[in-house]
>>> print(open('run_15.cif').read())   # mmCIF, C-alpha atoms
data_query
loop_
_atom_site.label_atom_id
_atom_site.label_comp_id
_atom_site.auth_asym_id
_atom_site.auth_seq_id
_atom_site.Cartn_x
_atom_site.Cartn_y
_atom_site.Cartn_z
CA MET A 65 127.98 109.00 119.26
CA GLU A 66 124.41 110.10 119.84
CA ASP A 67 123.31 107.93 116.93
CA ILE A 68 125.00 104.88 118.41
CA VAL A 69 122.96 105.30 121.58
CA LYS A 70 119.76 105.82 119.58
CA ASP A 71 120.63 102.82 117.49
CA GLN A 72 120.97 100.67 120.61
CA GLN A 73 117.69 101.95 122.01
CA PHE A 74 116.04 101.21 118.67
CA GLN A 75 117.33 97.63 118.68
CA GLN A 76 116.18 97.15 122.29
CA LYS A 77 112.71 98.24 121.25
CA ILE A 78 112.76 95.78 118.36
CA ASP A 79 114.01 92.99 120.61
CA ALA A 80 111.17 93.73 123.04
CA ASN A 81 108.72 93.40 120.12
CA GLN A 82 107.55 96.98 120.37
CA PRO A 83 106.24 98.26 117.05
CA ILE A 84 107.99 101.19 115.38
CA GLU A 85 105.67 104.06 114.49
CA PRO A 86 106.16 106.76 111.82
CA LYS A 87 107.40 109.51 114.13
CA ASP A 88 109.75 107.27 116.15
CA TRP A 89 113.47 107.59 115.61
CA MET A 90 114.73 104.90 113.23
CA PRO A 91 118.07 104.20 111.52
CA GLU A 92 118.15 105.74 108.05
CA LYS A 93 118.83 102.31 106.56
CA TYR A 94 115.73 100.85 108.26
CA ARG A 95 113.67 103.61 106.67
CA ARG A 96 115.25 103.08 103.26
CA GLN A 97 114.85 99.30 103.36
CA LEU A 98 111.20 99.66 104.31
CA ILE A 99 110.50 102.18 101.57
CA ARG A 100 112.11 99.81 99.08
CA MET A 101 110.25 96.75 100.33
CA MET A 102 106.85 98.35 100.89
CA SER A 103 106.77 100.28 97.62
CA GLN A 104 107.85 97.15 95.77
CA HIS A 105 104.97 95.37 97.47
CA ALA A 106 102.53 98.17 96.52
CA HIS A 107 103.71 98.14 92.90
CA SER A 108 103.24 94.35 92.81
CA GLU A 109 99.60 94.71 93.83
CA ILE A 110 98.98 97.29 91.12
CA VAL A 111 100.87 95.50 88.34
CA GLY A 112 99.27 92.24 89.51
CA MET A 113 95.92 93.53 88.27
CA LEU A 114 97.15 93.41 84.67
CA PRO A 115 97.53 89.66 84.00
CA GLU A 116 94.17 89.03 85.66
CA SER A 117 92.22 91.83 84.02
CA ASN A 118 93.21 90.14 80.77
CA TRP A 119 90.48 87.56 81.51
CA ILE A 120 87.64 89.68 82.92
CA THR A 121 85.84 89.99 79.60
CA ARG A 122 86.39 86.31 78.81
CA ALA A 123 85.49 84.73 82.15
CA PRO A 124 83.49 81.54 81.50
CA SER A 125 80.45 82.54 83.58
CA LEU A 126 78.88 85.52 85.28
CA ARG A 127 79.82 84.04 88.66
CA ARG A 128 83.49 83.83 87.67
CA LYS A 129 83.40 87.28 86.15
CA ALA A 130 81.94 88.83 89.30
CA SER A 131 84.60 87.12 91.49
CA LEU A 132 87.42 88.17 89.21
CA LEU A 133 86.22 91.78 89.12
CA ALA A 134 86.02 91.83 92.92
CA LYS A 135 89.47 90.29 93.18
CA VAL A 136 91.06 92.79 90.81
CA GLN A 137 89.37 95.61 92.74
CA ASP A 138 90.87 94.17 95.96
CA GLU A 139 94.34 94.22 94.40
CA ALA A 140 93.89 97.92 93.65
CA GLY A 141 92.80 98.43 97.26
CA HIS A 142 95.83 96.51 98.54
CA GLY A 143 98.10 98.70 96.45
CA LEU A 144 96.46 101.78 97.98
CA TYR A 145 96.82 100.53 101.60
CA LEU A 146 100.48 99.89 100.93
CA TYR A 147 101.18 103.19 99.20
CA SER A 148 99.58 105.05 102.08
CA ALA A 149 101.59 103.01 104.61
CA THR A 150 104.80 103.73 102.65
CA GLU A 151 104.04 107.44 102.65
CA THR A 152 104.18 107.46 106.46
CA LEU A 153 107.95 107.05 106.04
CA GLY A 154 108.11 110.52 104.52
CA VAL A 155 108.21 109.62 100.85
CA ASP A 156 105.82 111.09 98.30
CA ARG A 157 103.46 108.81 96.38
CA GLY A 158 104.15 110.61 93.10
CA GLU A 159 107.82 109.86 93.56
CA LEU A 160 107.09 106.15 94.13
CA LEU A 161 105.00 105.98 90.97
CA ASP A 162 107.72 107.75 88.99
CA GLN A 163 110.17 105.09 90.17
CA LEU A 164 107.84 102.34 88.98
CA HIS A 165 107.28 103.96 85.59
CA SER A 166 110.96 104.68 85.01
CA GLY A 167 111.84 101.05 85.80
CA LYS A 168 113.93 102.04 88.83
CA ALA A 169 111.57 100.33 91.30
CA LYS A 170 110.86 96.63 91.04
CA TYR A 171 107.67 94.63 91.45
CA SER A 172 107.16 90.91 91.92
CA SER A 173 108.67 89.17 88.89
CA ILE A 174 105.77 86.69 88.76
CA PHE A 175 103.62 89.29 87.01
CA ASN A 176 105.94 89.30 84.02
CA TYR A 177 104.52 85.94 82.94
CA PRO A 178 101.52 85.82 80.57
CA THR A 179 98.03 84.46 81.36
CA LEU A 180 97.50 82.21 78.35
CA SER A 181 94.34 80.35 79.34
CA TRP A 182 91.46 80.61 81.81
CA ALA A 183 93.20 78.01 83.97
CA ASP A 184 95.95 80.56 84.57
CA ILE A 185 93.48 82.67 86.56
CA GLY A 186 92.96 79.63 88.79
CA ALA A 187 96.70 79.06 89.06
CA ILE A 188 97.32 82.69 90.00
CA GLY A 189 94.76 82.58 92.81
CA TRP A 190 95.87 79.19 94.07
CA LEU A 191 99.66 79.38 93.61
CA VAL A 192 100.60 83.06 93.30
CA ASP A 193 98.19 84.34 95.95
CA GLY A 194 98.90 81.24 98.03
CA ALA A 195 102.62 82.06 98.01
CA ALA A 196 101.94 85.76 98.63
CA LEU A 197 99.69 84.87 101.55
CA ILE A 198 102.42 82.90 103.31
CA ASN A 199 104.75 85.86 103.03
CA GLN A 200 102.04 88.29 104.09
CA VAL A 201 100.95 86.28 107.12
CA MET A 202 104.54 86.61 108.34
CA LEU A 203 104.53 90.34 107.56
CA GLN A 204 101.51 90.87 109.80
CA ARG A 205 104.08 90.75 112.61
CA THR A 206 106.62 93.00 110.93
CA SER A 207 108.18 95.62 113.22
CA TYR A 208 106.87 98.68 111.36
CA GLY A 209 103.36 99.50 112.66
CA PRO A 210 101.71 100.88 109.51
CA TYR A 211 103.07 97.99 107.38
CA SER A 212 101.86 95.44 109.88
CA ARG A 213 98.37 96.97 110.04
CA ALA A 214 98.10 97.07 106.24
CA MET A 215 99.08 93.39 106.16
CA VAL A 216 96.39 92.38 108.64
CA ARG A 217 93.80 94.00 106.40
CA ILE A 218 95.25 92.44 103.26
CA CYS A 219 95.48 88.90 104.66
CA LYS A 220 91.81 88.98 105.58
CA GLU A 221 90.88 89.68 101.97
CA GLU A 222 93.54 87.53 100.35
CA SER A 223 92.11 84.23 101.59
CA PHE A 224 89.11 84.73 99.28
CA HIS A 225 91.55 85.10 96.37
CA HIS A 226 93.35 81.92 97.31
CA ARG A 227 90.16 79.89 97.55
CA GLN A 228 88.54 81.17 94.37
CA GLY A 229 91.72 80.17 92.52
CA PHE A 230 91.70 76.68 93.95
CA GLU A 231 88.03 76.32 93.08
CA ILE A 232 88.71 77.23 89.44
CA ILE A 233 91.51 74.65 89.26
CA THR A 234 89.38 72.02 91.02
CA ILE A 235 86.49 72.40 88.57
CA LEU A 236 88.90 72.11 85.62
CA ALA A 237 90.81 69.17 87.11
CA GLN A 238 87.55 67.28 87.64
CA GLY A 239 86.19 68.21 84.21
CA THR A 240 86.80 66.77 80.75
CA ALA A 241 90.23 65.45 79.74
CA GLU A 242 90.83 68.68 77.88
CA GLN A 243 89.93 70.80 80.91
CA LYS A 244 92.16 68.73 83.16
CA GLN A 245 94.97 69.27 80.68
CA MET A 246 94.40 73.03 80.91
CA ALA A 247 94.75 72.88 84.71
CA GLN A 248 97.89 70.74 84.40
CA ASP A 249 99.41 73.06 81.83
CA ALA A 250 98.76 76.11 84.07
CA LEU A 251 100.36 74.32 87.03
CA ASN A 252 103.35 73.39 84.88
CA ARG A 253 103.94 76.98 83.87
CA TRP A 254 103.23 78.70 87.22
CA TRP A 255 104.88 76.29 89.65
CA TRP A 256 108.52 77.33 89.33
CA PRO A 257 107.85 81.07 89.08
CA SER A 258 105.70 80.75 92.23
CA LEU A 259 108.61 79.19 94.12
CA MET A 260 110.79 82.07 92.94
CA MET A 261 108.39 84.57 94.50
CA PHE A 262 110.01 83.98 97.90
CA GLY A 263 113.22 85.49 96.58
CA PRO A 264 116.80 84.20 96.39
CA ASP A 265 117.82 81.31 98.63
CA ASP A 266 119.13 82.20 102.08
CA ARG A 267 122.80 81.93 101.06
CA ASN A 268 122.26 84.54 98.32
CA SER A 269 119.89 86.96 99.98
CA PRO A 270 122.00 90.01 100.84
CA ASN A 271 119.33 91.98 102.71
CA SER A 272 117.95 89.14 104.80
CA ALA A 273 120.22 89.24 107.86
CA GLU A 274 119.58 92.91 108.52
CA LEU A 275 115.86 92.64 107.85
CA MET A 276 115.64 89.74 110.30
CA LYS A 277 117.65 91.63 112.92
CA TRP A 278 115.16 94.48 112.64
CA LYS A 279 112.24 92.02 112.56
CA VAL A 280 111.02 93.54 109.31
CA LYS A 281 111.06 89.92 108.19
CA ARG A 282 110.58 87.18 110.74
CA GLU A 283 111.21 84.08 108.67
CA SER A 284 113.78 83.41 105.98
CA ASN A 285 113.02 83.07 102.26
CA ASP A 286 113.79 79.35 102.28
CA ASP A 287 111.65 78.65 105.35
CA LEU A 288 108.67 80.44 103.83
CA ARG A 289 109.20 78.68 100.51
CA GLN A 290 109.28 75.31 102.28
CA LYS A 291 106.02 76.10 104.04
CA PHE A 292 104.41 76.85 100.67
CA ILE A 293 105.76 73.68 99.09
CA ASP A 294 104.55 71.47 101.95
CA ARG A 295 101.09 72.98 101.85
CA THR A 296 100.61 73.03 98.11
CA ILE A 297 101.83 69.62 97.00
CA PRO A 298 99.11 67.60 98.74
CA GLN A 299 96.49 70.00 97.31
CA ALA A 300 97.64 69.25 93.76
CA HIS A 301 97.86 65.52 94.45
CA PHE A 302 94.30 65.62 95.75
CA LEU A 303 93.26 66.88 92.31
CA GLY A 304 95.35 64.26 90.51
CA LEU A 305 97.75 66.88 89.13
CA THR A 306 101.51 66.43 88.87
CA PHE A 307 104.49 68.76 89.22
CA PRO A 308 107.01 69.67 86.51
CA ASP A 309 109.86 68.49 88.74
CA PRO A 310 111.38 64.99 88.31
CA ASP A 311 113.37 65.44 91.55
CA LEU A 312 110.37 66.12 93.73
CA LYS A 313 110.27 63.71 96.67
CA PHE A 314 109.00 63.42 100.21
CA ASN A 315 111.69 63.11 102.84
CA ASP A 316 110.39 60.75 105.52
CA SER A 317 112.98 61.71 108.10
CA THR A 318 112.32 65.49 107.92
CA GLY A 319 108.64 65.27 107.03
CA HIS A 320 109.16 67.81 104.25
CA TRP A 321 108.86 67.78 100.47
CA GLU A 322 112.10 68.38 98.58
CA THR A 323 112.15 69.99 95.16
CA GLY A 324 114.80 70.09 92.46
CA GLU A 325 117.07 73.11 92.00
CA ILE A 326 115.30 76.38 91.16
CA ASN A 327 116.50 77.98 87.94
CA TRP A 328 117.95 81.18 89.40
CA ASP A 329 119.20 82.33 86.01
CA GLU A 330 115.60 82.59 84.88
CA PHE A 331 114.72 84.48 88.08
CA ASN A 332 117.53 87.00 87.60
CA ASN A 333 116.75 87.38 83.94
CA VAL A 334 113.11 88.26 84.60
CA ILE A 335 114.08 90.68 87.39
CA GLN A 336 116.47 92.40 85.03
CA GLY A 337 113.58 93.15 82.70
CA ASN A 338 113.83 90.28 80.21
CA GLY A 339 110.78 88.26 81.21
CA PRO A 340 108.04 87.52 78.67
CA CYS A 341 105.86 90.52 79.66
CA ASN A 342 108.07 93.12 81.40
CA LYS A 343 107.73 95.69 78.62
CA GLU A 344 104.02 95.08 78.18
CA ARG A 345 103.29 95.51 81.90
CA LEU A 346 105.25 98.71 82.21
CA SER A 347 103.75 100.25 79.13
CA ALA A 348 100.22 99.33 80.33
CA ARG A 349 100.98 101.10 83.63
CA LYS A 350 102.32 104.19 81.89
CA ASN A 351 99.33 104.28 79.54
CA ALA A 352 96.92 104.09 82.45
CA ASP A 353 98.77 106.94 84.13
CA ARG A 354 98.73 109.06 80.97
CA HIS A 355 95.09 108.37 80.10
CA GLY A 356 93.97 109.13 83.65
CA ARG A 357 95.70 112.47 83.77
CA TRP A 358 92.77 114.51 82.42
CA VAL A 359 90.46 112.96 85.02
CA ARG A 360 92.81 113.99 87.82
CA GLN A 361 93.16 117.47 86.41
CA ALA A 362 89.39 117.87 86.00
CA ALA A 363 88.76 116.73 89.58
CA GLU A 364 91.31 119.21 90.85
CA VAL A 365 89.84 122.12 88.91
CA TYR A 366 86.35 121.16 90.11
CA ALA A 367 87.54 120.99 93.74
CA ASN A 368 89.15 124.42 93.48
CA LYS A 369 86.09 125.92 91.82
CA LYS A 370 83.83 124.62 94.59
CA LYS A 371 86.20 125.87 97.27
CA THR A 372 86.13 129.45 95.94
CA ALA A 373 82.37 129.31 95.38
CA VAL A 374 81.70 128.49 99.05
CA VAL A 375 84.02 131.13 100.53
CA MET B 25 101.52 118.07 102.70
CA SER B 26 104.80 118.96 101.05
CA GLU B 27 104.94 121.54 98.27
CA LYS B 28 106.88 119.42 95.83
CA THR B 29 104.19 116.78 95.53
CA ASN B 30 102.06 116.29 92.44
CA GLN B 31 99.47 114.45 94.48
CA TRP B 32 96.10 115.57 95.80
CA PRO B 33 95.91 116.43 99.51
CA LEU B 34 96.26 113.58 102.01
CA TRP B 35 93.26 112.56 104.15
CA GLU B 36 93.26 110.32 107.20
CA VAL B 37 90.38 107.84 107.32
CA PHE B 38 88.54 106.77 110.50
CA VAL B 39 86.00 103.97 110.31
CA GLN B 40 83.29 103.07 112.79
CA THR B 41 82.76 99.34 112.46
CA LYS B 42 79.45 99.11 114.38
CA PRO B 43 76.97 101.66 115.71
CA GLY B 44 77.99 102.67 119.21
CA LEU B 45 81.70 101.92 118.78
CA PRO B 46 84.34 104.65 118.47
CA HIS B 47 85.84 105.50 115.08
CA LYS B 48 89.20 103.87 114.52
CA HIS B 49 92.03 104.95 112.24
CA ALA B 50 92.04 102.79 109.08
CA GLY B 51 94.67 104.46 106.90
CA SER B 52 94.95 107.37 104.54
CA LEU B 53 94.28 108.34 100.95
CA HIS B 54 94.62 111.19 98.49
CA ALA B 55 91.60 113.09 97.18
CA ALA B 56 90.90 116.44 95.54
CA ASP B 57 88.13 117.40 97.97
CA ARG B 58 86.17 116.11 100.96
CA GLU B 59 83.38 114.46 98.94
CA MET B 60 85.88 112.53 96.88
CA ALA B 61 87.80 111.65 100.03
CA LEU B 62 84.66 110.15 101.52
CA LEU B 63 83.78 108.17 98.38
CA ASN B 64 87.33 106.87 98.02
CA ALA B 65 87.44 105.97 101.71
CA ARG B 66 84.33 103.88 101.24
CA ASP B 67 85.84 102.06 98.25
CA VAL B 68 89.29 101.58 99.75
CA TYR B 69 88.51 100.86 103.41
CA SER B 70 85.02 99.34 103.46
CA ARG B 71 84.48 96.91 100.59
CA ARG B 72 83.04 94.20 102.83
CA GLY B 73 80.76 96.07 105.17
CA GLU B 74 83.60 96.95 107.58
CA GLY B 75 81.98 100.28 108.33
CA THR B 76 78.75 101.92 109.43
CA ASN B 77 80.25 105.41 109.41
CA ILE B 78 83.40 107.04 108.05
CA TRP B 79 85.25 110.25 108.93
CA VAL B 80 87.81 111.76 106.59
CA VAL B 81 90.10 114.39 108.07
CA PRO B 82 92.72 116.47 106.20
CA ALA B 83 96.01 115.01 107.40
CA ASP B 84 97.49 118.46 108.05
CA ALA B 85 94.60 119.32 110.38
CA ILE B 86 95.77 116.71 112.88
CA THR B 87 98.05 117.76 115.72
CA ALA B 88 99.81 114.82 117.34
CA SER B 89 102.04 114.40 120.36
CA THR B 90 105.58 113.33 119.58
CA PRO B 91 107.31 110.11 120.66
CA GLU B 92 109.71 112.21 122.77
CA ASP B 93 106.72 113.32 124.85
CA VAL B 94 106.08 109.82 126.12
CA GLY B 95 107.70 110.33 129.53
CA SER B 96 106.45 113.67 130.75
CA PHE B 97 103.32 114.10 128.63
CA PHE B 98 101.75 110.84 129.70
CA GLU B 99 103.10 110.80 133.27
CA PRO B 100 100.43 108.71 134.99
CA SER B 101 100.55 110.71 138.24
CA ASN B 102 101.24 107.71 140.37
CA ASP B 103 101.69 110.15 143.22
CA LYS B 104 97.96 110.81 143.09
CA PRO B 105 96.44 107.53 144.22
CA TYR B 106 93.29 109.39 145.29
CA ARG B 107 92.29 109.36 141.60
CA HIS B 108 91.54 105.65 141.85
CA PRO B 109 88.55 104.06 143.58
CA THR B 110 90.77 101.66 145.54
CA PHE B 111 92.10 104.67 147.52
CA TYR B 112 88.83 104.83 149.44
CA THR B 113 87.68 102.45 152.17
CA VAL B 114 84.16 101.14 152.24
CA PRO B 115 82.85 99.51 155.45
CA GLU B 116 82.47 95.77 155.38
CA GLY B 117 79.00 94.62 154.31
CA VAL B 118 78.15 97.67 152.20
CA LYS B 119 77.24 96.63 148.68
CA HIS B 120 77.03 98.15 145.18
CA ILE B 121 79.72 100.79 145.72
#
>>> encode(input="run_15.cif", output="structure tokens")
Amino acid sequence: MEDIVKDQQFQQKIDANQPIEPKDWMPEKYRRQLIRMMSQHAHSEIVGMLPESNWITRAPSLRRKASLLAKVQDEAGHGLYLYSATETLGVDRGELLDQLHSGKAKYSSIFNYPTLSWADIGAIGWLVDGAALINQVMLQRTSYGPYSRAMVRICKEESFHHRQGFEIITILAQGTAEQKQMAQDALNRWWWPSLMMFGPDDRNSPNSAELMKWKVKRESNDDLRQKFIDRTIPQAHFLGLTFPDPDLKFNDSTGHWETGEINWDEFNNVIQGNGPCNKERLSARKNADRHGRWVRQAAEVYANKKKTAVV
Amino acid sequence: MSEKTNQWPLWEVFVQTKPGLPHKHAGSLHAADREMALLNARDVYSRRGEGTNIWVVPADAITASTPEDVGSFFEPSNDKPYRHPTFYTVPEGVKHI
């Protein structure tokens, strides 16, 4: 009975657009959904460093290398903002990392695709970060205070990622025939997975209704996806690139671009762990954790030694 | 800090964005000691010159009011209008007061 009243008061607060803070009462399911969503988001930032770091040593110029290094460092930072925001919900960071390493927690399935050429780094910045940005701009207004504040910080930094990616693709698209082909090939491979980043379509998104009711999410998967499609298609056309979608057309009456059907079997397959790089990504994460252990232990011993020396 | 954790202690980070402005909460991080907390805070929360000064505070050293306090704890004492300048009359024509 008491919970029903609290539940109503909680919903009133949400409806009045008041942010929810860590110590406020919240339905257990709200807490659980947020932990799931935010930790998944944090893991995506951390795993997202892997496909890009693949090209740091092979970046075509010092300028590109410096940008890529800065970008990968930002992704690490974004992961840390999000882990610390998730911890405000009363979950331990070690536990979250264990869930990632055991395969229990998910991360964005886009990072299970390989980065085969330098153009892929451009495509990731332009398409993958572009799609992420649309989602994250919405999440700046999410109902949970710490998540919203982390998103504001992330969005500020993410626009550099988006632009540097588009610049890479632009230079290639305006280069030699071979370079243009590289840009086209990257677009061909990253386009559909980027559309999948917004998640299942609205009819098949089981969590959406509740997340919208709680204003954790404020726009539906399909609406966000449409926004991305409408923004991105003219950018590619400007560069003279085409899309791997024979059904793509502009609908004059709605003013929106319409794509063909997304291959949801592929999406589900990658989520279930059968994408091209799932095993590689997870083992790279676990290796990093294992190889960093001695550093963490040494720092801890040093901190304790200093503490006793001072007292 | 819970006992079961395998993580370093938690620190809350406060960043001053410009000289003269108050420090503002930026987020938190884990670090083995205060020096490491400060270095990590710089790397995590000020990669683009967002700060001129940083405080790191052990999270368990902070005492906070609870959401249930909102009513009584922050009671604005509306029954004490004499706390506000508008309570007092100033004769017409007097300036700078």
>>> interface_residues(input="run_15.cif", of="chain B", to="chain A", cutoff="9 Å", atoms="only C-alpha atoms", output="count of residues only")
23
>>> atom_distance(input="run_15.cif", atom1="atom CA of Glu116 of chain A", atom2="atom CA of Asn342 of chain A")
15.1 Å
>>> residues_around(input="run_15.cif", residues="Ala123 of chain A", least_positions_apart="6", cutoff="10 Å", atoms="all atoms listed in the file", output="list in words")
Ser117, Lys129, Ala130, Ser131, Leu132, Leu133, Trp182 and Ile185 of chain A
>>> residues_around(input="run_15.cif", residues="Arg295 of chain A", least_positions_apart="6", cutoff="12 Å", atoms="all atoms listed in the file", output="list of chain:residue names")
A:Trp190, A:Leu191, A:Gly194, A:Ala195, A:Leu197, A:Ile198, A:Leu288, A:Arg289, A:His301, A:Phe302, A:Gly319, A:His320, A:Trp321
>>> resolve_selection(input="run_15.cif", expression="the PyMOL selection byres ((chain A and resi 82) around 12)", output="list in words")
Gln73, Phe74, Gln75, Gln76, Lys77, Ile78, Asp79, Ala80, Asn81, Pro83, Ile84, Glu85, Asp88, Arg205, Thr206, Ser207, Tyr208, Gly209, Trp278 and Lys279 of chain A
>>> resolve_selection(input="run_15.cif", expression="the PyMOL selection byres ((chain A and resi 303-308) around 10)", output="PyMOL selection string")
chain A and resi 233-238+244-245+247-249+251-256+297-302+309-312+323-324
>>> atom_distance(input="run_15.cif", atom1="atom CA of Asn271 of chain A", atom2="atom CA of Tyr171 of chain A")
16.4 Å
>>> residues_around(input="run_15.cif", residues="Thr41 of chain B", least_positions_apart="2", cutoff="7 Å", atoms="all atoms listed in the file", output="PyMOL selection string")
chain B and resi 39+45+74-76
>>> residues_around(input="run_15.cif", residues="Gln40 of chain B", least_positions_apart="3", cutoff="12 Å", atoms="only C-alpha atoms", output="PDB file with C-alpha atoms, in the frame of the given file")
ATOM      1  CA  VAL B  37      90.380 107.840 107.320  1.00  0.00           C
ATOM      2  CA  PRO B  43      76.970 101.660 115.710  1.00  0.00           C
ATOM      3  CA  GLY B  44      77.990 102.670 119.210  1.00  0.00           C
ATOM      4  CA  LEU B  45      81.700 101.920 118.780  1.00  0.00           C
ATOM      5  CA  PRO B  46      84.340 104.650 118.470  1.00  0.00           C
ATOM      6  CA  HIS B  47      85.840 105.500 115.080  1.00  0.00           C
ATOM      7  CA  LYS B  48      89.200 103.870 114.520  1.00  0.00           C
ATOM      8  CA  HIS B  49      92.030 104.950 112.240  1.00  0.00           C
ATOM      9  CA  ALA B  50      92.040 102.790 109.080  1.00  0.00           C
ATOM     10  CA  ARG B  66      84.330 103.880 101.240  1.00  0.00           C
ATOM     11  CA  TYR B  69      88.510 100.860 103.410  1.00  0.00           C
ATOM     12  CA  SER B  70      85.020  99.340 103.460  1.00  0.00           C
ATOM     13  CA  GLY B  73      80.760  96.070 105.170  1.00  0.00           C
ATOM     14  CA  GLU B  74      83.600  96.950 107.580  1.00  0.00           C
ATOM     15  CA  GLY B  75      81.980 100.280 108.330  1.00  0.00           C
ATOM     16  CA  THR B  76      78.750 101.920 109.430  1.00  0.00           C
ATOM     17  CA  ASN B  77      80.250 105.410 109.410  1.00  0.00           C
ATOM     18  CA  ILE B  78      83.400 107.040 108.050  1.00  0.00           C
ATOM     19  CA  TRP B  79      85.250 110.250 108.930  1.00  0.00           C
ATOM     20  CA  VAL B  80      87.810 111.760 106.590  1.00  0.00           C
TER      21      VAL B  80
END
